[in-house]
file model-v3.txt (compact mmCIF, C-alpha atoms)
# COMPACT_ATOMS: atom_id res chain seq x y z
CA MET V 1 27.86 49.10 -68.81
CA ARG V 2 26.52 45.57 -69.11
CA ILE V 3 27.66 44.82 -65.58
CA HIS V 4 25.82 47.86 -64.23
CA CYS V 5 22.62 46.75 -66.01
CA LYS V 6 22.89 43.30 -64.52
CA VAL V 7 23.28 44.73 -61.01
CA VAL V 8 20.22 46.95 -61.47
CA VAL V 9 18.11 44.03 -62.74
CA ILE V 10 19.16 41.85 -59.80
CA ALA V 11 18.37 44.63 -57.30
CA VAL V 12 14.91 45.19 -58.83
CA CYS V 13 14.13 41.45 -58.74
CA PHE V 14 15.27 41.21 -55.14
CA GLY V 15 13.07 44.17 -54.16
CA VAL V 16 10.01 42.65 -55.88
CA PHE V 17 10.69 39.36 -54.09
CA LEU V 18 10.82 41.08 -50.66
CA LEU V 19 7.60 43.00 -51.42
CA LEU V 20 5.76 39.78 -52.32
CA TYR V 21 7.16 38.05 -49.22
CA PHE V 22 5.87 40.72 -46.80
CA LEU V 23 2.46 40.96 -48.51
CA GLY V 24 2.09 37.18 -48.47
CA GLY V 25 3.08 36.89 -44.77
CA ASN V 26 0.46 39.44 -43.66
CA ALA V 27 -2.22 37.71 -45.68
CA VAL V 28 -1.46 34.37 -44.02
CA ASP V 29 -1.43 35.81 -40.47
CA ASP V 30 -5.04 36.93 -40.45
CA PRO V 31 -6.73 33.51 -40.79
CA LEU V 32 -4.52 32.07 -38.04
CA LEU V 33 -5.54 34.78 -35.62
CA LYS V 34 -9.15 34.27 -36.59
CA GLU V 35 -8.89 30.54 -35.82
CA VAL V 36 -7.47 31.22 -32.37
CA GLY V 37 -10.07 33.86 -31.57
CA GLU V 38 -13.09 31.93 -32.78
CA GLU V 39 -13.59 28.30 -31.69
CA PRO V 40 -15.70 26.00 -33.87
CA GLU V 41 -19.37 25.83 -32.93
CA GLU V 42 -19.20 22.06 -32.54
CA GLN V 43 -16.53 22.38 -29.85
CA GLU V 44 -18.63 24.94 -27.97
CA GLU V 45 -21.64 22.64 -28.06
CA GLN V 46 -19.56 19.73 -26.73
CA GLU V 47 -18.26 21.85 -23.87
CA GLU V 48 -21.79 22.96 -23.01
CA ASP V 49 -22.98 19.34 -22.98
CA SER V 50 -20.12 18.17 -20.77
CA SER V 51 -20.47 21.12 -18.38
CA SER V 52 -24.13 20.32 -17.73
CA SER V 53 -23.12 17.08 -15.97
CA GLN V 54 -20.25 18.55 -13.96
CA SER V 55 -20.31 19.73 -10.36
CA PRO V 56 -19.92 23.46 -9.56
CA SER V 57 -16.27 23.10 -8.58
CA GLN V 58 -15.46 21.23 -11.80
CA LEU V 59 -17.19 23.94 -13.87
CA GLU V 60 -15.17 26.58 -12.10
CA HIS V 61 -11.95 24.69 -12.91
CA ASP V 62 -12.89 24.38 -16.60
CA VAL V 63 -13.60 28.12 -16.92
CA VAL V 64 -10.30 29.05 -15.30
CA ALA V 65 -8.38 26.49 -17.37
CA LYS V 66 -9.27 28.31 -20.62
CA PHE V 67 -7.02 31.22 -19.69
CA PRO V 68 -3.24 30.87 -19.43
CA ARG V 69 -1.97 30.98 -15.90
CA LYS V 70 0.89 29.63 -13.86
CA SER V 71 0.31 26.39 -11.95
CA PRO V 72 1.52 26.02 -8.36
CA ALA V 73 5.04 24.63 -8.27
CA GLY V 74 5.43 21.00 -7.38
CA VAL V 75 2.18 19.53 -8.71
CA GLY V 76 2.92 16.36 -10.62
CA VAL V 77 6.29 15.90 -8.94
CA ARG V 78 6.94 13.67 -5.97
CA PRO V 79 7.58 15.55 -2.69
CA GLU V 80 11.20 16.52 -2.06
CA GLU V 81 12.19 15.41 -5.59
CA PRO V 82 13.83 18.16 -7.70
CA LEU V 83 13.28 18.41 -11.43
CA LYS V 84 16.28 16.84 -13.15
CA GLY V 85 17.52 16.66 -16.66
CA ARG V 86 15.68 19.80 -17.81
CA LYS V 87 17.40 22.09 -20.31
CA GLN V 88 16.60 25.71 -20.85
CA GLY V 89 14.19 26.30 -23.64
CA ARG V 90 12.84 22.71 -23.59
CA PRO V 91 9.22 21.95 -22.62
CA ILE V 92 8.66 21.42 -18.92
CA SER V 93 6.06 19.28 -17.21
CA ARG V 94 2.72 20.69 -16.11
CA GLY V 95 3.04 22.35 -12.71
CA ALA V 96 6.84 22.79 -12.76
CA SER V 97 8.20 26.28 -12.12
CA VAL V 98 9.57 28.18 -15.13
CA ASN V 99 13.25 29.03 -15.39
CA ALA V 100 13.77 32.79 -15.46
CA LYS V 101 16.30 32.48 -18.29
CA SER V 102 14.04 30.44 -20.56
CA LYS V 103 12.70 31.96 -23.74
CA PRO V 104 9.61 34.18 -23.32
CA ARG V 105 6.33 32.62 -24.38
CA SER V 106 4.33 33.89 -27.34
CA ASN V 107 1.35 36.11 -26.58
CA VAL V 108 -0.83 34.05 -28.92
CA ALA V 109 -3.29 31.93 -26.93
CA ARG V 110 -2.82 28.18 -27.17
CA PRO V 111 -5.56 25.57 -26.78
CA VAL V 112 -5.63 23.85 -23.38
CA THR V 113 -5.42 20.05 -23.62
CA ARG V 114 -7.71 17.69 -21.72
CA ARG V 115 -4.82 16.66 -19.44
CA THR V 116 -5.12 19.88 -17.46
CA LYS V 117 -8.67 19.14 -16.32
CA ALA V 118 -9.35 18.15 -12.70
CA GLU V 119 -11.36 15.08 -13.64
CA ASP V 120 -8.20 13.50 -15.09
CA VAL V 121 -6.99 12.96 -11.50
CA MET V 122 -8.79 10.65 -9.07
CA HIS V 123 -8.62 11.37 -5.34
CA LEU V 124 -8.25 8.58 -2.78
CA ALA V 125 -8.09 9.06 1.00
CA VAL V 126 -6.93 6.65 3.70
CA VAL V 127 -6.34 6.98 7.45
CA ALA V 128 -3.45 5.06 9.02
CA CYS V 129 -2.50 4.80 12.67
CA GLY V 130 -0.57 2.25 14.73
CA ASN V 131 0.97 -0.64 12.79
CA ARG V 132 -0.87 -0.03 9.51
CA LEU V 133 2.08 1.11 7.38
CA ASP V 134 2.60 -2.06 5.31
CA GLU V 135 -1.13 -2.69 4.96
CA THR V 136 -1.73 0.86 3.70
CA LEU V 137 1.15 0.71 1.22
CA THR V 138 -0.19 -2.59 -0.14
CA MET V 139 -3.57 -0.93 -0.70
CA VAL V 140 -1.89 1.99 -2.50
CA LYS V 141 0.10 -0.50 -4.58
CA SER V 142 -3.04 -2.39 -5.63
CA ALA V 143 -4.67 0.87 -6.75
CA LEU V 144 -1.66 1.81 -8.88
CA LEU V 145 -1.21 -1.61 -10.49
CA PHE V 146 -4.49 -1.51 -12.39
CA SER V 147 -5.73 2.09 -12.56
CA LEU V 148 -5.61 4.13 -15.76
CA LYS V 149 -5.86 7.75 -14.63
CA LYS V 150 -3.43 9.43 -12.28
CA ILE V 151 -4.32 9.15 -8.57
CA LYS V 152 -3.75 11.69 -5.83
CA PHE V 153 -3.52 10.00 -2.43
CA HIS V 154 -4.55 11.91 0.69
CA ILE V 155 -2.88 10.02 3.55
CA PHE V 156 -3.85 10.90 7.11
CA ALA V 157 -1.28 9.49 9.52
CA GLU V 158 0.25 9.90 12.96
CA ASP V 159 3.60 11.69 13.12
CA PRO V 160 5.80 8.56 13.43
CA LEU V 161 4.14 7.04 10.36
CA ALA V 162 4.29 10.18 8.22
CA LEU V 163 8.07 10.04 7.75
CA GLN V 164 7.94 6.31 7.01
CA PHE V 165 5.30 6.86 4.31
CA LYS V 166 7.46 9.50 2.61
CA GLU V 167 10.55 7.31 2.74
CA ARG V 168 8.81 4.23 1.33
CA LEU V 169 6.81 6.00 -1.37
CA ASN V 170 9.86 7.87 -2.64
CA GLN V 171 11.67 4.55 -3.13
CA TRP V 172 9.18 3.29 -5.70
CA PRO V 173 10.31 3.18 -9.37
CA ARG V 174 9.96 6.29 -11.49
CA SER V 175 7.59 4.52 -13.85
CA VAL V 176 5.24 3.99 -10.90
CA ALA V 177 5.83 7.41 -9.34
CA ALA V 178 4.66 9.03 -12.58
CA LYS V 179 1.18 7.59 -11.98
CA PHE V 180 0.44 9.28 -8.65
CA GLN V 181 0.82 12.24 -6.36
CA TYR V 182 0.44 12.18 -2.60
CA ARG V 183 0.07 14.43 0.40
CA ILE V 184 0.32 13.47 4.05
CA TYR V 185 -1.87 15.15 6.67
CA PRO V 186 -1.77 15.02 10.47
CA ILE V 187 -4.68 13.53 12.38
CA SER V 188 -7.03 16.38 13.32
CA PHE V 189 -10.65 16.93 14.33
CA SER V 190 -12.33 20.30 13.85
CA VAL V 191 -15.07 19.91 16.49
CA GLY V 192 -15.38 18.15 19.84
CA ASN V 193 -12.71 16.42 21.92
CA ALA V 194 -9.85 15.17 19.74
CA ASP V 195 -8.84 12.39 22.15
CA GLU V 196 -12.42 11.16 22.29
CA TRP V 197 -12.72 11.11 18.49
CA LYS V 198 -9.36 9.37 18.12
CA LYS V 199 -10.41 6.48 20.36
CA LEU V 200 -13.79 5.99 18.70
CA PHE V 201 -13.88 2.35 17.50
CA LYS V 202 -10.40 1.82 15.90
CA PRO V 203 -7.57 4.35 16.34
CA CYS V 204 -8.11 7.40 14.14
CA ALA V 205 -11.00 5.79 12.19
CA ALA V 206 -13.26 8.77 12.96
CA GLN V 207 -10.96 10.95 10.85
CA ARG V 208 -12.95 9.97 7.76
CA LEU V 209 -15.95 11.89 9.11
CA PHE V 210 -13.97 15.14 8.80
CA LEU V 211 -12.72 14.71 5.22
CA PRO V 212 -15.30 17.14 3.75
CA VAL V 213 -14.16 19.76 6.25
CA ILE V 214 -10.40 19.31 5.78
CA LEU V 215 -10.21 18.72 2.01
CA LYS V 216 -11.98 21.92 1.03
CA ASP V 217 -10.36 22.08 -2.42
CA VAL V 218 -11.32 18.51 -3.39
CA ASP V 219 -14.58 18.02 -5.26
CA SER V 220 -14.96 14.23 -5.13
CA LEU V 221 -13.14 11.53 -3.20
CA LEU V 222 -12.95 7.79 -2.64
CA TYR V 223 -12.24 6.80 0.97
CA VAL V 224 -11.06 3.27 1.76
CA ASP V 225 -9.90 1.49 4.90
CA THR V 226 -6.28 0.38 5.06
CA ASP V 227 -7.32 -3.29 4.66
CA VAL V 228 -8.78 -2.78 1.16
CA LEU V 229 -7.32 -4.18 -2.08
CA PHE V 230 -8.28 -3.13 -5.62
CA LEU V 231 -8.70 -6.06 -8.02
CA ARG V 232 -9.74 -3.85 -10.94
CA PRO V 233 -9.05 -0.23 -11.95
CA MET V 234 -10.08 2.40 -9.44
CA ASP V 235 -11.38 4.24 -12.52
CA ASP V 236 -14.40 1.90 -12.57
CA ILE V 237 -15.71 2.77 -9.11
CA TRP V 238 -14.76 6.43 -9.71
CA ASN V 239 -17.08 6.41 -12.72
CA LEU V 240 -20.00 5.61 -10.40
CA LEU V 241 -19.99 9.30 -9.48
CA LYS V 242 -21.69 9.84 -12.83
CA SER V 243 -24.53 7.57 -11.68
CA PHE V 244 -25.47 9.85 -8.76
CA ASN V 245 -28.78 11.62 -9.18
CA ARG V 246 -29.26 15.26 -8.16
CA THR V 247 -29.69 14.52 -4.46
CA GLN V 248 -27.12 11.77 -3.89
CA LEU V 249 -23.77 12.77 -2.41
CA ALA V 250 -22.20 9.53 -1.14
CA ALA V 251 -22.12 5.84 -2.04
CA MET V 252 -21.56 2.71 0.08
CA ALA V 253 -22.32 -1.01 -0.05
CA PRO V 254 -24.80 -2.78 2.27
CA GLU V 255 -23.37 -4.12 5.51
CA HIS V 256 -24.94 -7.48 4.73
CA GLU V 257 -26.95 -9.15 1.98
CA VAL V 258 -29.10 -11.34 4.27
CA PRO V 259 -31.08 -9.48 6.98
CA LYS V 260 -31.49 -12.60 9.14
CA ILE V 261 -27.75 -12.81 9.76
CA GLY V 262 -26.90 -9.10 9.48
CA TRP V 263 -25.47 -7.31 12.51
CA TYR V 264 -27.52 -4.11 12.33
CA SER V 265 -30.81 -5.91 11.75
CA ARG V 266 -30.22 -8.05 14.84
CA PHE V 267 -28.24 -6.02 17.38
CA ALA V 268 -28.24 -2.26 16.61
CA ARG V 269 -29.57 0.05 19.33
CA HIS V 270 -29.68 3.10 17.09
CA PRO V 271 -31.23 4.08 13.72
CA PHE V 272 -29.46 2.71 10.64
CA TYR V 273 -29.84 2.86 6.88
CA GLY V 274 -32.28 0.55 5.12
CA VAL V 275 -32.74 -3.07 6.20
CA THR V 276 -29.16 -4.15 6.90
CA GLY V 277 -27.24 -0.86 7.27
CA VAL V 278 -24.20 0.16 5.22
CA ASN V 279 -20.47 -0.55 5.53
CA SER V 280 -18.19 2.51 5.37
CA GLY V 281 -14.92 0.71 4.53
CA VAL V 282 -15.33 1.83 0.91
CA MET V 283 -17.07 5.19 0.61
CA LEU V 284 -17.37 7.32 -2.54
CA MET V 285 -18.16 10.97 -1.83
CA ASN V 286 -19.06 14.17 -3.65
CA LEU V 287 -17.52 16.52 -1.08
CA THR V 288 -18.87 19.63 -2.77
CA ARG V 289 -22.44 18.44 -2.29
CA ILE V 290 -21.76 17.30 1.29
CA ARG V 291 -20.43 20.75 2.22
CA SER V 292 -23.45 22.54 0.73
CA THR V 293 -26.20 20.31 2.18
CA LEU V 294 -28.29 20.66 5.33
CA PHE V 295 -28.94 17.21 6.79
CA LYS V 296 -32.17 16.18 8.44
CA ASN V 297 -31.76 14.76 11.95
CA SER V 298 -33.64 13.91 15.14
CA MET V 299 -32.35 16.94 17.08
CA ILE V 300 -33.55 20.08 15.28
CA PRO V 301 -36.14 20.45 12.50
CA THR V 302 -34.21 22.91 10.31
CA GLY V 303 -31.30 20.66 9.42
CA LEU V 304 -27.57 20.98 10.12
CA SER V 305 -24.47 21.23 7.99
CA TRP V 306 -22.13 18.24 7.98
CA GLU V 307 -19.59 19.78 10.35
CA ASP V 308 -22.24 21.13 12.74
CA LEU V 309 -24.00 17.75 12.83
CA LEU V 310 -21.10 15.47 13.82
CA HIS V 311 -20.46 16.40 17.44
CA PRO V 312 -24.08 16.67 18.71
CA LEU V 313 -24.88 13.42 16.90
CA TYR V 314 -22.02 11.67 18.67
CA GLN V 315 -23.01 13.12 22.03
CA LYS V 316 -26.55 11.83 21.62
CA TYR V 317 -25.67 8.28 20.53
CA LYS V 318 -22.21 7.61 22.00
CA ASN V 319 -23.59 5.15 24.55
CA HIS V 320 -25.52 3.22 21.91
CA ILE V 321 -23.02 2.76 19.09
CA THR V 322 -20.63 -0.18 18.62
CA TRP V 323 -18.85 0.43 15.32
CA GLY V 324 -18.02 4.09 15.93
CA ASP V 325 -17.95 6.34 12.88
CA GLN V 326 -19.72 3.74 10.71
CA ASP V 327 -22.66 3.81 13.10
CA LEU V 328 -22.79 7.60 12.92
CA LEU V 329 -22.88 7.43 9.11
CA ASN V 330 -25.73 4.93 9.32
CA ILE V 331 -27.66 7.30 11.58
CA ILE V 332 -27.08 10.24 9.22
CA PHE V 333 -28.31 8.35 6.16
CA HIS V 334 -31.21 6.81 8.06
CA TYR V 335 -32.65 10.33 8.22
CA ASN V 336 -31.37 11.24 4.74
CA PRO V 337 -31.82 8.10 2.60
CA GLU V 338 -32.30 10.11 -0.59
CA ARG V 339 -28.68 11.31 -0.23
CA LEU V 340 -27.12 7.85 -0.51
CA PHE V 341 -26.27 5.78 -3.59
CA ILE V 342 -25.91 2.03 -2.94
CA PHE V 343 -23.37 0.10 -4.99
CA PRO V 344 -23.35 -3.73 -5.05
CA CYS V 345 -21.44 -6.00 -2.69
CA GLN V 346 -18.60 -6.88 -5.12
CA TRP V 347 -17.28 -3.34 -4.56
CA ASN V 348 -16.79 -4.07 -0.84
CA TYR V 349 -16.36 -7.83 -0.54
CA ARG V 350 -15.74 -9.00 3.03
CA PRO V 351 -15.44 -12.36 4.86
CA ASP V 352 -19.12 -12.02 5.79
CA HIS V 353 -19.96 -12.61 2.14
CA CYS V 354 -18.48 -16.12 2.11
CA MET V 355 -17.92 -17.42 5.67
CA TYR V 356 -21.66 -18.08 6.17
CA GLY V 357 -22.07 -19.39 2.64
CA SER V 358 -21.72 -17.37 -0.55
CA ASN V 359 -24.25 -14.52 -0.42
CA CYS V 360 -22.87 -11.89 -2.81
CA LYS V 361 -24.49 -12.60 -6.17
CA GLY V 362 -22.65 -9.77 -7.89
CA ALA V 363 -19.27 -11.30 -6.98
CA GLU V 364 -20.40 -14.72 -8.17
CA GLU V 365 -21.32 -13.27 -11.56
CA GLU V 366 -18.55 -10.69 -12.10
CA GLY V 367 -15.89 -11.51 -9.53
CA VAL V 368 -14.68 -9.37 -6.62
CA SER V 369 -13.88 -5.78 -7.62
CA ILE V 370 -12.63 -4.51 -4.23
CA LEU V 371 -11.53 -6.92 -1.49
CA HIS V 372 -12.03 -5.73 2.09
CA GLY V 373 -10.10 -7.89 4.54
CA ASN V 374 -11.66 -6.74 7.80
CA ARG V 375 -11.49 -8.91 10.93
CA GLY V 376 -7.68 -8.96 10.43
CA VAL V 377 -7.91 -11.82 7.90
CA TYR V 378 -4.82 -10.68 5.96
CA HIS V 379 -2.63 -11.43 8.95
CA ASP V 380 -3.97 -14.71 10.35
CA ASP V 381 -5.11 -18.09 9.00
CA LYS V 382 -8.85 -17.77 9.69
CA GLN V 383 -9.68 -16.98 6.04
CA PRO V 384 -6.63 -18.02 3.98
CA ALA V 385 -8.29 -17.08 0.67
CA PHE V 386 -8.07 -13.39 1.65
CA LYS V 387 -4.49 -13.79 2.87
CA VAL V 388 -3.41 -15.38 -0.44
CA VAL V 389 -4.48 -12.30 -2.41
CA TYR V 390 -2.92 -9.88 0.10
CA ASP V 391 0.43 -11.69 0.22
CA ALA V 392 0.63 -11.90 -3.59
CA ILE V 393 0.09 -8.14 -4.07
CA HIS V 394 2.33 -7.27 -1.11
CA ASN V 395 5.21 -9.37 -2.50
CA PHE V 396 4.76 -8.46 -6.17
CA PRO V 397 7.79 -6.55 -7.53
CA PHE V 398 6.83 -3.47 -9.53
CA GLU V 399 7.40 -3.80 -13.28
CA ASP V 400 7.41 -7.63 -13.21
CA ASN V 401 5.12 -9.63 -15.47
CA MET V 402 1.70 -9.62 -13.78
CA PHE V 403 0.65 -13.05 -14.98
CA GLN V 404 3.88 -14.74 -13.94
CA SER V 405 4.54 -12.89 -10.68
CA LEU V 406 1.02 -12.06 -9.49
CA PHE V 407 -1.83 -14.01 -11.04
CA TYR V 408 -0.17 -17.44 -11.22
CA PRO V 409 1.03 -17.32 -7.57
CA ILE V 410 -2.52 -16.41 -6.48
CA GLN V 411 -3.99 -19.20 -8.61
CA THR V 412 -1.48 -21.77 -7.29
CA LYS V 413 -1.89 -20.80 -3.64
CA PHE V 414 -5.68 -20.94 -3.97
CA LEU V 415 -5.42 -24.70 -4.44
CA GLU V 416 -4.44 -24.88 -0.78
CA THR V 417 -7.59 -23.04 0.35
CA VAL V 418 -10.31 -25.01 -1.49
CA ASN V 419 -11.34 -26.77 1.72
CA THR V 420 -11.99 -23.50 3.58
CA LEU V 421 -15.25 -21.54 3.73
CA CYS V 422 -14.18 -18.77 1.33
CA GLY V 423 -11.59 -20.74 -0.66
CA ARG V 424 -14.19 -23.16 -2.04
CA ILE V 425 -15.38 -20.45 -4.46
CA PRO V 426 -12.07 -19.47 -6.13
CA GLN V 427 -13.77 -18.03 -9.22
CA VAL V 428 -15.18 -15.25 -7.06
CA PHE V 429 -11.67 -14.09 -6.15
CA LEU V 430 -9.95 -14.81 -9.46
CA LYS V 431 -12.43 -13.83 -12.17
CA GLN V 432 -12.11 -10.04 -11.99
CA ILE V 433 -8.38 -9.88 -11.35
CA GLU V 434 -7.69 -12.15 -14.34
CA LYS V 435 -9.94 -9.99 -16.52
CA THR V 436 -8.19 -6.84 -15.28
CA MET V 437 -4.72 -8.25 -15.97
CA ARG V 438 -5.71 -9.23 -19.50
CA LYS V 439 -6.93 -5.71 -20.16
CA VAL V 440 -3.71 -4.21 -18.75
CA PHE V 441 -1.70 -6.55 -20.99
CA GLU V 442 -3.74 -5.54 -24.05
CA ASP V 443 -3.40 -1.82 -23.30
CA LYS V 444 0.34 -1.97 -22.66
CA VAL V 445 1.44 -4.53 -25.25
CA VAL V 446 -1.07 -5.52 -27.91
CA ARG V 447 -2.31 -2.05 -28.82
CA HIS V 448 1.22 -0.66 -29.04
CA VAL V 449 2.40 -3.23 -31.55
CA ARG V 450 2.15 -1.72 -35.04
CA PRO V 451 0.88 -4.02 -37.79
CA HIS V 452 3.41 -4.99 -40.45
CA LYS V 453 2.92 -3.20 -43.74
call {"tool": "encode", "arguments": {"input": "model-v3.txt", "output": "structure tokens"}}
result
Amino acid sequence: MRIHCKVVVIAVCFGVFLLLYFLGGNAVDDPLLKEVGEEPEEQEEQEEDSSSSQSPSQLEHDVVAKFPRKSPAGVGVRPEEPLKGRKQGRPISRGASVNAKSKPRSNVARPVTRRTKAEDVMHLAVVACGNRLDETLTMVKSALLFSLKKIKFHIFAEDPLALQFKERLNQWPRSVAAKFQYRIYPISFSVGNADEWKKLFKPCAAQRLFLPVILKDVDSLLYVDTDVLFLRPMDDIWNLLKSFNRTQLAAMAPEHEVPKIGWYSRFARHPFYGVTGVNSGVMLMNLTRIRSTLFKNSMIPTGLSWEDLLHPLYQKYKNHITWGDQDLLNIIFHYNPERLFIFPCQWNYRPDHCMYGSNCKGAEEEGVSILHGNRGVYHDDKQPAFKVVYDAIHNFPFEDNMFQSLFYPIQTKFLETVNTLCGRIPQVFLKQIEKTMRKVFEDKVVRHVRPHK
């Protein structure tokens, strides 16, 4: 009898316990659902503030990003590289396709992290034809060495070079490959005679004029020539997009700082921007604004879209231009000066800034931010100061110590150039790259060392 009583008591206690468990679980579920359904007011206000400064395409991306959807396969993974080492049921990287046998996701909405936003990726375009493979890869390397955000490279190249780019880029270490994506495009021109465009000034250089037309899904873009080297994070020039006012849609540096010795002010036979013209070797663009703008010109009073303007403008001035596509850009912004943002000369530092005497005050004060080795100075001995920097970055092994394998070789080699026109001002070349390397060292080493308790 006593045994039966004990069994009954245990059964009753167990039933009460289950009843309390189910009642308690339902009570806890409601607040969680409420938190998911209703975002804090402070977060909404922050999103409204940030959206007011974004372009239309960025706003569209943010709205779509708030709802769960599948990303296109392959984004975030190097071309032709399969996903390896993934187990079923484990988290996969953003953009990777989902295994059909993996566990189904919960229907409860999850907050989207900042990493999914488009502004976390910077876009850089370059056009390479002929023997520009090594020079272009050295430029890409310099951008990756110092930059903080991920970069997507848009590489326009002739067919023989396209395969070589893929082969070389896919050989880079995984730690470096994680910092960038790339896509290779054929050389193409949407209007006019393709052969005529291709031979304008340097081979394929006119391709940059068609970037707003080809890259329809890209909001903003930095274009650089193949002979450009980054001596500080690309993030810094990318942030200049935030300095554009409501009318500005592109940014370039002046062609020269001194009108008396500037080329455009002395020899141009066509309209050009400002007093000395602009150099298009480093060009920051808001492509969304360019595509939606009608540009004033000397041909019709109503204005023309970017694509409709290019060919008639070339036909009108083709017998009067010397520097090809750069001259056409100068003509466009001569008639539309309110559309152009001018950044200082240290963002596009060329031999002209030191071979006639130092005339870039910004570089003297802050150091060179972007080195532009036009006139072929990376590959001859006319301006050895430029060649020293190029050779050091070109020969630097990824993942080596930057101070030992990059900065010190540049500093040592500069001692051999002090008697040359540009080498006599070594602080101009060394100041910014030393500052950048120190910051990289602090970010990678110092800030990751936990203090002893």
call {"tool": "atom_distance", "arguments": {"input": "model-v3.txt", "atom1": "atom CA of V:Thr136", "atom2": "atom CA of V:Leu124"}}
result
12.0 Å
call {"tool": "atom_distance", "arguments": {"input": "model-v3.txt", "atom1": "atom CA of V:Arg350", "atom2": "atom CA of V:Tyr264"}}
result
15.8 Å
call {"tool": "closest_residue", "arguments": {"input": "model-v3.txt", "among": "V:Cys354, V:Met402, V:Val389, V:Val275", "to": "V:Leu421", "atoms": "all atoms listed in the file"}}
result
V:Cys354
call {"tool": "atom_distance", "arguments": {"input": "model-v3.txt", "atom1": "atom CA of V:Ala206", "atom2": "atom CA of V:Gln346"}}
result
24.5 Å
call {"tool": "residues_around", "arguments": {"input": "model-v3.txt", "residues": "stretch 137-145 of chain V", "least_positions_apart": "3", "cutoff": "7 Å", "atoms": "only C-alpha atoms", "output": "PyMOL selection string"}}
result
chain V and resi 133-134+226-230+233-234+393-394
call {"tool": "closest_residue", "arguments": {"input": "model-v3.txt", "among": "V:Ala363, V:Ile332, V:Met285, V:Met437", "to": "V:Trp306", "atoms": "all atoms listed in the file"}}
result
V:Ile332
call {"tool": "residues_around", "arguments": {"input": "model-v3.txt", "residues": "V:Leu161", "least_positions_apart": "5", "cutoff": "10 Å", "atoms": "all atoms listed in the file", "output": "PyMOL selection string"}}
result
chain V and resi 128-133+156+166-167+184+186
